[in-house]
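The data block below is my_file_39.cif; it holds mmCIF, C-alpha atoms.
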data_upload
loop_
_atom_site.label_atom_id
_atom_site.label_comp_id
_atom_site.auth_asym_id
_atom_site.auth_seq_id
_atom_site.Cartn_x
_atom_site.Cartn_y
_atom_site.Cartn_z
CA MET S 24 0.00 0.00 0.00
CA SER S 25 1.14 3.55 -0.67
CA GLU S 26 2.18 6.04 1.97
CA LEU S 27 -1.03 7.94 1.23
CA ALA S 28 -3.09 4.81 1.79
CA ASN S 29 -1.42 4.21 5.14
CA ASN S 30 -1.71 7.76 6.34
CA HIS S 31 -4.86 9.39 5.03
CA PHE S 32 -8.36 10.29 6.21
CA ALA S 33 -11.27 11.70 4.22
CA ILE S 34 -13.67 14.07 5.98
CA GLY S 35 -17.09 15.21 4.83
CA TRP S 36 -18.59 18.44 6.13
CA ASP S 37 -22.23 19.35 5.56
CA VAL S 38 -22.22 23.02 6.54
CA GLY S 39 -24.78 24.64 8.82
CA GLY S 40 -25.23 28.37 9.29
CA TRP S 41 -23.25 30.46 11.76
CA ASN S 42 -26.04 30.10 14.32
CA CYS S 43 -27.30 26.67 13.32
CA ASP S 44 -27.49 25.59 16.96
CA LYS S 45 -30.83 27.41 16.88
CA ASN S 46 -32.02 25.44 13.85
CA PRO S 47 -32.90 21.81 14.64
CA ASN S 48 -33.40 21.01 10.95
CA SER S 49 -29.99 22.04 9.58
CA ARG S 50 -26.67 21.89 11.40
CA ASP S 51 -23.03 21.15 10.74
CA ALA S 52 -22.33 17.45 10.29
CA ILE S 53 -18.97 15.68 10.13
CA VAL S 54 -18.19 12.15 8.90
CA ILE S 55 -14.64 10.76 8.82
CA LEU S 56 -13.49 7.83 6.67
CA ASP S 57 -10.25 5.87 6.96
CA ASP S 58 -8.18 4.60 4.06
CA ALA S 59 -10.59 1.70 3.50
CA ALA S 60 -13.52 4.16 3.35
CA ALA S 61 -14.85 2.87 6.68
CA ILE S 62 -16.42 5.36 9.07
CA VAL S 63 -14.18 5.98 12.06
CA GLY S 64 -15.44 7.20 15.39
CA THR S 65 -19.01 8.50 15.52
CA PRO S 66 -20.48 10.92 12.97
CA TRP S 67 -21.04 14.28 14.64
CA ARG S 68 -23.76 16.91 14.26
CA GLY S 69 -23.94 20.34 15.90
CA ASN S 70 -22.47 23.81 15.41
CA LEU S 71 -18.78 24.13 14.49
CA ARG S 72 -18.71 27.90 14.95
CA GLU S 73 -16.76 27.92 18.22
CA VAL S 74 -14.33 25.25 17.00
CA ILE S 75 -13.62 27.30 13.88
CA LEU S 76 -13.17 30.54 15.80
CA GLN S 77 -11.02 29.05 18.56
CA SER S 78 -8.69 26.92 16.42
CA ALA S 79 -5.41 28.68 15.68
CA SER S 80 -4.23 26.47 12.82
CA ALA S 81 -5.39 23.92 10.28
CA SER S 82 -3.90 21.06 12.28
CA GLU S 83 -5.64 22.25 15.44
CA TRP S 84 -8.95 22.53 13.63
CA VAL S 85 -8.63 19.07 12.06
CA ALA S 86 -7.72 17.59 15.45
CA ALA S 87 -10.87 19.16 16.90
CA LEU S 88 -13.00 17.48 14.22
CA PHE S 89 -11.56 14.09 15.13
CA THR S 90 -12.18 14.77 18.82
CA LEU S 91 -15.80 15.70 18.13
CA CYS S 92 -16.19 12.39 16.27
CA ARG S 93 -14.69 10.55 19.27
CA PHE S 94 -11.63 9.35 17.41
CA SER S 95 -7.99 9.99 18.26
CA PRO S 96 -6.59 12.89 16.21
CA PRO S 97 -4.02 11.75 13.64
CA GLU S 98 -0.34 12.58 13.68
CA ARG S 99 0.59 15.93 12.17
CA SER S 100 2.16 14.09 9.24
CA CYS S 101 -1.20 12.53 8.34
CA ARG S 102 -2.87 13.70 5.16
CA VAL S 103 -6.51 14.80 5.33
CA THR S 104 -8.83 15.53 2.40
CA LEU S 105 -11.98 17.48 3.24
CA GLY S 106 -15.06 17.65 1.02
CA ILE S 107 -17.39 20.54 1.86
CA ASP S 108 -21.06 20.92 0.99
CA ALA S 109 -21.17 24.72 0.70
CA ALA S 110 -20.19 27.33 -1.85
CA LEU S 111 -16.56 28.38 -1.43
CA ALA S 112 -16.77 31.38 -3.76
CA PHE S 113 -19.19 33.93 -5.21
CA PRO S 114 -19.85 34.59 -8.92
CA VAL S 115 -17.26 36.86 -10.54
CA ALA S 116 -20.02 39.00 -12.06
CA PHE S 117 -21.53 39.56 -8.60
CA ILE S 118 -18.14 40.45 -7.09
CA ASP S 119 -17.39 42.89 -9.92
CA LEU S 120 -20.81 44.49 -9.55
CA VAL S 121 -20.36 45.03 -5.81
CA THR S 122 -16.67 45.98 -5.69
CA LYS S 123 -16.14 47.70 -9.06
CA GLY S 124 -19.60 48.82 -10.13
CA LEU S 125 -19.29 46.79 -13.32
CA ALA S 126 -22.54 45.66 -14.92
CA ALA S 127 -22.80 42.35 -16.73
CA GLU S 128 -25.57 41.00 -18.98
CA PRO S 129 -27.55 38.58 -16.81
CA SER S 130 -29.43 35.77 -18.47
CA LYS S 131 -33.22 35.85 -18.40
CA VAL S 132 -33.06 32.23 -17.24
CA SER S 133 -32.67 32.29 -13.46
CA SER S 134 -30.34 29.29 -13.23
CA GLN S 135 -28.03 30.88 -15.85
CA ASN S 136 -27.89 34.34 -14.25
CA GLY S 137 -24.19 35.12 -13.79
CA TYR S 138 -24.91 37.41 -10.84
CA LEU S 139 -26.58 34.58 -8.94
CA PHE S 140 -24.67 31.49 -10.03
CA ARG S 141 -21.05 30.63 -10.76
CA TYR S 142 -19.96 28.93 -13.94
CA THR S 143 -19.67 25.56 -12.18
CA GLU S 144 -23.22 25.95 -10.81
CA ARG S 145 -24.70 27.04 -14.15
CA ARG S 146 -23.07 24.02 -15.76
CA LEU S 147 -24.70 21.63 -13.28
CA ALA S 148 -28.05 23.37 -13.73
CA MET S 149 -27.93 22.62 -17.45
CA GLU S 150 -27.59 18.94 -16.55
CA GLY S 151 -30.66 19.08 -14.33
CA PHE S 152 -28.90 19.59 -10.99
CA PRO S 153 -29.41 23.28 -10.13
CA PRO S 154 -27.55 24.14 -6.91
CA LEU S 155 -28.86 26.70 -4.47
CA SER S 156 -27.45 30.22 -4.70
CA PRO S 157 -25.84 31.91 -1.65
CA ILE S 158 -27.16 35.18 -3.05
CA LYS S 159 -30.81 34.36 -3.66
CA ASP S 160 -31.57 31.19 -1.68
CA MET S 161 -30.73 32.20 1.90
CA ILE S 162 -27.63 30.00 2.25
CA GLY S 163 -25.22 32.90 2.61
CA SER S 164 -24.66 31.99 6.26
CA GLN S 165 -23.46 28.51 5.34
CA ALA S 166 -21.37 29.81 2.43
CA THR S 167 -19.58 32.53 4.41
CA LYS S 168 -18.94 30.08 7.24
CA ALA S 169 -17.26 27.68 4.81
CA MET S 170 -15.38 30.49 3.02
CA HIS S 171 -14.17 31.87 6.36
CA THR S 172 -12.87 28.44 7.34
CA ALA S 173 -11.07 27.94 4.03
CA ALA S 174 -9.53 31.43 4.21
CA LYS S 175 -8.46 31.04 7.85
CA PHE S 176 -6.77 27.66 7.54
CA THR S 177 -5.79 27.28 3.87
CA ARG S 178 -4.86 29.08 0.66
CA PRO S 179 -5.85 28.39 -2.97
CA THR S 180 -3.58 25.95 -4.76
CA GLY S 181 -2.58 25.87 -8.41
CA VAL S 182 -5.69 23.80 -9.13
CA THR S 183 -8.97 25.67 -9.51
CA GLY S 184 -11.31 24.87 -6.64
CA VAL S 185 -8.72 23.28 -4.36
CA TRP S 186 -7.30 24.78 -1.15
CA SER S 187 -4.44 23.56 1.05
CA ASP S 188 -2.66 24.56 4.24
CA GLY S 189 0.62 23.70 2.56
CA GLY S 190 0.92 20.65 4.78
CA GLY S 191 -1.47 17.77 5.34
CA LEU S 192 -4.87 19.39 4.68
CA THR S 193 -6.53 19.65 1.27
CA LEU S 194 -10.11 20.85 0.90
CA PHE S 195 -12.60 21.45 -1.89
CA GLU S 196 -16.30 21.97 -2.56
CA THR S 197 -18.65 19.20 -3.57
CA TYR S 198 -22.41 18.74 -3.95
CA PRO S 199 -24.10 15.64 -2.46
CA THR S 200 -27.23 15.98 -4.59
CA VAL S 201 -25.29 15.40 -7.80
CA CYS S 202 -22.80 12.93 -6.29
CA ARG S 203 -24.89 10.54 -4.23
CA ARG S 204 -25.99 8.42 -7.21
CA ALA S 205 -22.58 8.28 -8.88
CA PRO S 206 -21.55 4.60 -9.14
CA LEU S 207 -18.23 5.13 -7.33
CA VAL S 208 -19.92 6.98 -4.47
CA CYS S 209 -22.68 4.38 -4.24
CA GLU S 210 -20.07 1.64 -4.03
CA LEU S 211 -18.50 3.32 -1.00
CA THR S 212 -21.68 4.34 0.80
CA SER S 213 -23.39 0.98 0.24
CA ARG S 214 -20.83 -0.66 2.53
CA HIS S 215 -22.51 0.99 5.51
CA GLU S 216 -25.93 0.94 7.07
CA VAL S 217 -28.39 3.51 5.75
CA ILE S 218 -27.99 6.86 7.53
CA GLU S 219 -31.37 8.42 8.26
CA GLN S 220 -30.28 11.88 9.45
CA GLU S 221 -30.05 14.12 6.37
CA ASP S 222 -27.12 16.31 7.45
CA ILE S 223 -24.99 13.30 8.38
CA ARG S 224 -26.02 11.49 5.21
CA ASP S 225 -24.85 14.46 3.12
CA ALA S 226 -21.60 14.65 5.10
CA PHE S 227 -21.05 10.95 4.37
CA VAL S 228 -21.38 11.60 0.63
CA CYS S 229 -18.92 14.50 0.94
CA ALA S 230 -16.47 12.21 2.73
CA ALA S 231 -16.86 9.56 0.02
CA VAL S 232 -16.08 12.15 -2.66
CA ALA S 233 -13.05 13.31 -0.65
CA HIS S 234 -11.87 9.69 -0.48
CA LEU S 235 -12.22 9.34 -4.25
CA TYR S 236 -10.43 12.64 -4.88
CA ALA S 237 -7.46 11.44 -2.83
CA HIS S 238 -7.30 7.86 -4.08
CA THR S 239 -8.84 7.91 -7.56
CA PRO S 240 -8.18 11.41 -8.94
CA THR S 241 -8.62 10.28 -12.55
CA ALA S 242 -12.25 9.46 -11.77
CA MET S 243 -12.97 13.07 -10.81
CA GLU S 244 -14.36 15.72 -13.14
CA HIS S 245 -11.68 18.41 -13.22
CA PRO S 246 -12.27 22.12 -13.89
CA THR S 247 -12.80 23.02 -17.53
CA PRO S 248 -10.75 25.81 -19.13
CA GLU S 249 -13.80 28.10 -19.03
CA ALA S 250 -14.11 27.92 -15.24
CA PRO S 251 -12.91 31.18 -13.62
CA ARG S 252 -10.31 30.43 -10.96
CA ALA S 253 -11.92 32.95 -8.62
CA GLU S 254 -15.21 31.04 -8.69
CA GLY S 255 -13.80 27.69 -7.61
CA TRP S 256 -15.26 24.38 -8.75
CA ILE S 257 -17.80 21.83 -7.57
CA TRP S 258 -15.97 18.49 -7.56
CA ARG S 259 -17.73 15.25 -8.44
CA PRO S 260 -16.91 11.89 -10.02
CA THR S 261 -17.16 11.99 -13.81
CA PRO S 262 -20.54 10.71 -15.03
CA ALA S 263 -18.72 7.92 -16.89
CA ALA S 264 -16.68 6.73 -13.89
CA LYS S 265 -17.77 3.23 -12.87
CA ALA S 266 -17.21 1.26 -9.69
#

Once more with this new file: its structure as structure tokens, please.
Amino acid sequence: MSELANNHFAIGWDVGGWNCDKNPNSRDAIVILDDAAAIVGTPWRGNLREVILQSASASEWVAALFTLCRFSPPERSCRVTLGIDAALAFPVAFIDLVTKGLAAEPSKVSSQNGYLFRYTERRLAMEGFPPLSPIKDMIGSQATKAMHTAAKFTRPTGVTGVWSDGGGLTLFETYPTVCRRAPLVCELTSRHEVIEQEDIRDAFVCAAVAHLYAHTPTAMEHPTPEAPRAEGWIWRPTPAAKA
């Protein structure tokens, strides 16, 4: 087995709002998978706000996630890949409108409006998987919480839509709705009992995608040349990838 296989965990994070402890229907959820894609510890659900604010480094934050899941934190040399169910960027057209006063030409079709949706989101919408918009669908709290976390603990890498702390942590955005029926994801999730709680179920899918990103990168759909780097990318297995 490779060094990565011996020393790697995949984490899925379904993101709740900043004050999700007041919302019983939607909270942060964390699921951790080992190298064999088995769930380690106990999936956790609650509000990560204080953990995010109090952690001073990426390694400290990751260790806190393991502790919440009742599993011993890994060594600092361990590699961790984190899949996040939340937007990690805003549309370039929206940013330019707000910061530069530059007007674009928005589409009359809501799901193709460049002010409301990023290129990666508009692309999924054309396939029948329209994501929610942080700007129009009241998920700005979740998005800014995820963006804050990425900015605090990591920096963008040379790959569009991928962030790293320069050490053991790599993170990216994914979308459970479009990933959960992918054959490779189904193969991983079917090894476990059905998870009834929706937040934890989505976090499990995010963790499965993180596992695939780390171990089977050729099965992932990589950013297209048209994707603006500033908008990030929603990672998923390629539609043709089979288990």

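Considering the residues S:Val132, S:Ile107, S:Ala52, S:Cys101 and counting only C-alpha atoms, S:Cys229 has its shortest atom-to-atom contact with S:Ile107.
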
With distances taken over only C-alpha atoms, which residue among S:Ala169, S:Ala60, S:Ile257, S:Ile75 lies nearest S:Cys209?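 Closest to S:Cys209, using only C-alpha atoms: S:Ala60.
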
Which polymer residues, protein or nucleic acid, are no farther than 9 Å from (-17.6, 12.8, 16.6), counting all atoms listed in the file, as number ranges by chain? S: 53-55, 63-68, 88-94

Kindly save the residues from that selection, with C-alpha atoms included, as a short mmCIF file (atom, residue, chain, number, x, y, z; two decimals), in the coordinates of the input.
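This went into out07.cif:
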data_model
loop_
_atom_site.label_atom_id
_atom_site.label_comp_id
_atom_site.auth_asym_id
_atom_site.auth_seq_id
_atom_site.Cartn_x
_atom_site.Cartn_y
_atom_site.Cartn_z
CA ILE S 53 -18.97 15.68 10.13
CA VAL S 54 -18.19 12.15 8.90
CA ILE S 55 -14.64 10.76 8.82
CA VAL S 63 -14.18 5.98 12.06
CA GLY S 64 -15.44 7.20 15.39
CA THR S 65 -19.01 8.50 15.52
CA PRO S 66 -20.48 10.92 12.97
CA TRP S 67 -21.04 14.28 14.64
CA ARG S 68 -23.76 16.91 14.26
CA LEU S 88 -13.00 17.48 14.22
CA PHE S 89 -11.56 14.09 15.13
CA THR S 90 -12.18 14.77 18.82
CA LEU S 91 -15.80 15.70 18.13
CA CYS S 92 -16.19 12.39 16.27
CA ARG S 93 -14.69 10.55 19.27
CA PHE S 94 -11.63 9.35 17.41
#

Skip S:Ala87 itself and residues of its chain fewer than 4 positions away, then list as a short mmCIF file (atom, residue, chain, number, x, y, z; two decimals) with C-alpha atoms, in the frame of the given file all residues within 8 Å of it, counting all atoms listed in the file.
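Contents of selection-v1.cif, freshly written:
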data_model
loop_
_atom_site.label_atom_id
_atom_site.label_comp_id
_atom_site.auth_asym_id
_atom_site.auth_seq_id
_atom_site.Cartn_x
_atom_site.Cartn_y
_atom_site.Cartn_z
CA VAL S 74 -14.33 25.25 17.00
CA GLU S 83 -5.64 22.25 15.44
CA LEU S 91 -15.80 15.70 18.13
CA PRO S 96 -6.59 12.89 16.21
#

For stretch 42-59 of chain S, take all atoms listed in the file, fit an axis-aligned box around them, add 5 Å to each of the six sides, then output centre and edge lengths in Å rounded to one decimal, as JSON.
{"center_x": -20.8, "center_y": 15.9, "center_z": 10.2, "size_x": 35.2, "size_y": 38.4, "size_z": 23.5}

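The point (-22.3, 31.4, -9.8) has these residues within 8 Å of it, counting all atoms listed in the file: Phe113, Pro114, Val115, Asn136, Gly137, Tyr138, Leu139, Phe140, Arg141, Tyr142, Thr143, Glu144, Arg145, Ser156 and Glu254 of chain S.
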
Just C-alpha atoms for this one: save the residues we selected as a PDB file, in the coordinates of the input.
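out.pdb, freshly written:
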ATOM      1  CA  PHE S 113     -19.190  33.930  -5.210  1.00  0.00           C
ATOM      2  CA  PRO S 114     -19.850  34.590  -8.920  1.00  0.00           C
ATOM      3  CA  VAL S 115     -17.260  36.860 -10.540  1.00  0.00           C
ATOM      4  CA  ASN S 136     -27.890  34.340 -14.250  1.00  0.00           C
ATOM      5  CA  GLY S 137     -24.190  35.120 -13.790  1.00  0.00           C
ATOM      6  CA  TYR S 138     -24.910  37.410 -10.840  1.00  0.00           C
ATOM      7  CA  LEU S 139     -26.580  34.580  -8.940  1.00  0.00           C
ATOM      8  CA  PHE S 140     -24.670  31.490 -10.030  1.00  0.00           C
ATOM      9  CA  ARG S 141     -21.050  30.630 -10.760  1.00  0.00           C
ATOM     10  CA  TYR S 142     -19.960  28.930 -13.940  1.00  0.00           C
ATOM     11  CA  THR S 143     -19.670  25.560 -12.180  1.00  0.00           C
ATOM     12  CA  GLU S 144     -23.220  25.950 -10.810  1.00  0.00           C
ATOM     13  CA  ARG S 145     -24.700  27.040 -14.150  1.00  0.00           C
ATOM     14  CA  SER S 156     -27.450  30.220  -4.700  1.00  0.00           C
ATOM     15  CA  GLU S 254     -15.210  31.040  -8.690  1.00  0.00           C
TER      16      GLU S 254
END

Please list as a VMD selection string every residue within 9 Å of S:Lys168, counting only C-alpha atoms and excluding residues in the same chain fewer than 4 positions away. chain S and resid 38 to 41 72 75 109 163 to 164 172 to 173

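If you measure from each of S:Ala148, S:Ala86, S:Leu155, S:Met243 to S:Ala110 using only C-alpha atoms, the closest one turns out to be S:Leu155.
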
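Between atom CA of S:Asp51 and atom CA of S:Leu211 lies a distance of 21.8 Å.
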
At what distance in Å, to one decimal, does atom CA of S:Thr241 lie from atom CA of S:Pro157? 29.7 Å

Excluding S:His245 and any residue of its chain fewer than 5 positions from it, enumerate the residues within 10 Å of it, using all atoms listed in the file, and give them as a PyMOL selection string. chain S and resi 182-184+240+256-261

Keeping just C-alpha atoms, export stretch 136-221 of chain S of this structure as a short mmCIF file (atom, residue, chain, number, x, y, z; two decimals), in the first residue's frame.
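Here's the written file part.cif:
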data_model
loop_
_atom_site.label_atom_id
_atom_site.label_comp_id
_atom_site.auth_asym_id
_atom_site.auth_seq_id
_atom_site.Cartn_x
_atom_site.Cartn_y
_atom_site.Cartn_z
CA ASN S 136 -27.89 34.34 -14.25
CA GLY S 137 -24.19 35.12 -13.79
CA TYR S 138 -24.91 37.41 -10.84
CA LEU S 139 -26.58 34.58 -8.94
CA PHE S 140 -24.67 31.49 -10.03
CA ARG S 141 -21.05 30.63 -10.76
CA TYR S 142 -19.96 28.93 -13.94
CA THR S 143 -19.67 25.56 -12.18
CA GLU S 144 -23.22 25.95 -10.81
CA ARG S 145 -24.70 27.04 -14.15
CA ARG S 146 -23.07 24.02 -15.76
CA LEU S 147 -24.70 21.63 -13.28
CA ALA S 148 -28.05 23.37 -13.73
CA MET S 149 -27.93 22.62 -17.45
CA GLU S 150 -27.59 18.94 -16.55
CA GLY S 151 -30.66 19.08 -14.33
CA PHE S 152 -28.90 19.59 -10.99
CA PRO S 153 -29.41 23.28 -10.13
CA PRO S 154 -27.55 24.14 -6.91
CA LEU S 155 -28.86 26.70 -4.47
CA SER S 156 -27.45 30.22 -4.70
CA PRO S 157 -25.84 31.91 -1.65
CA ILE S 158 -27.16 35.18 -3.05
CA LYS S 159 -30.81 34.36 -3.66
CA ASP S 160 -31.57 31.19 -1.68
CA MET S 161 -30.73 32.20 1.90
CA ILE S 162 -27.63 30.00 2.25
CA GLY S 163 -25.22 32.90 2.61
CA SER S 164 -24.66 31.99 6.26
CA GLN S 165 -23.46 28.51 5.34
CA ALA S 166 -21.37 29.81 2.43
CA THR S 167 -19.58 32.53 4.41
CA LYS S 168 -18.94 30.08 7.24
CA ALA S 169 -17.26 27.68 4.81
CA MET S 170 -15.38 30.49 3.02
CA HIS S 171 -14.17 31.87 6.36
CA THR S 172 -12.87 28.44 7.34
CA ALA S 173 -11.07 27.94 4.03
CA ALA S 174 -9.53 31.43 4.21
CA LYS S 175 -8.46 31.04 7.85
CA PHE S 176 -6.77 27.66 7.54
CA THR S 177 -5.79 27.28 3.87
CA ARG S 178 -4.86 29.08 0.66
CA PRO S 179 -5.85 28.39 -2.97
CA THR S 180 -3.58 25.95 -4.76
CA GLY S 181 -2.58 25.87 -8.41
CA VAL S 182 -5.69 23.80 -9.13
CA THR S 183 -8.97 25.67 -9.51
CA GLY S 184 -11.31 24.87 -6.64
CA VAL S 185 -8.72 23.28 -4.36
CA TRP S 186 -7.30 24.78 -1.15
CA SER S 187 -4.44 23.56 1.05
CA ASP S 188 -2.66 24.56 4.24
CA GLY S 189 0.62 23.70 2.56
CA GLY S 190 0.92 20.65 4.78
CA GLY S 191 -1.47 17.77 5.34
CA LEU S 192 -4.87 19.39 4.68
CA THR S 193 -6.53 19.65 1.27
CA LEU S 194 -10.11 20.85 0.90
CA PHE S 195 -12.60 21.45 -1.89
CA GLU S 196 -16.30 21.97 -2.56
CA THR S 197 -18.65 19.20 -3.57
CA TYR S 198 -22.41 18.74 -3.95
CA PRO S 199 -24.10 15.64 -2.46
CA THR S 200 -27.23 15.98 -4.59
CA VAL S 201 -25.29 15.40 -7.80
CA CYS S 202 -22.80 12.93 -6.29
CA ARG S 203 -24.89 10.54 -4.23
CA ARG S 204 -25.99 8.42 -7.21
CA ALA S 205 -22.58 8.28 -8.88
CA PRO S 206 -21.55 4.60 -9.14
CA LEU S 207 -18.23 5.13 -7.33
CA VAL S 208 -19.92 6.98 -4.47
CA CYS S 209 -22.68 4.38 -4.24
CA GLU S 210 -20.07 1.64 -4.03
CA LEU S 211 -18.50 3.32 -1.00
CA THR S 212 -21.68 4.34 0.80
CA SER S 213 -23.39 0.98 0.24
CA ARG S 214 -20.83 -0.66 2.53
CA HIS S 215 -22.51 0.99 5.51
CA GLU S 216 -25.93 0.94 7.07
CA VAL S 217 -28.39 3.51 5.75
CA ILE S 218 -27.99 6.86 7.53
CA GLU S 219 -31.37 8.42 8.26
CA GLN S 220 -30.28 11.88 9.45
CA GLU S 221 -30.05 14.12 6.37
#
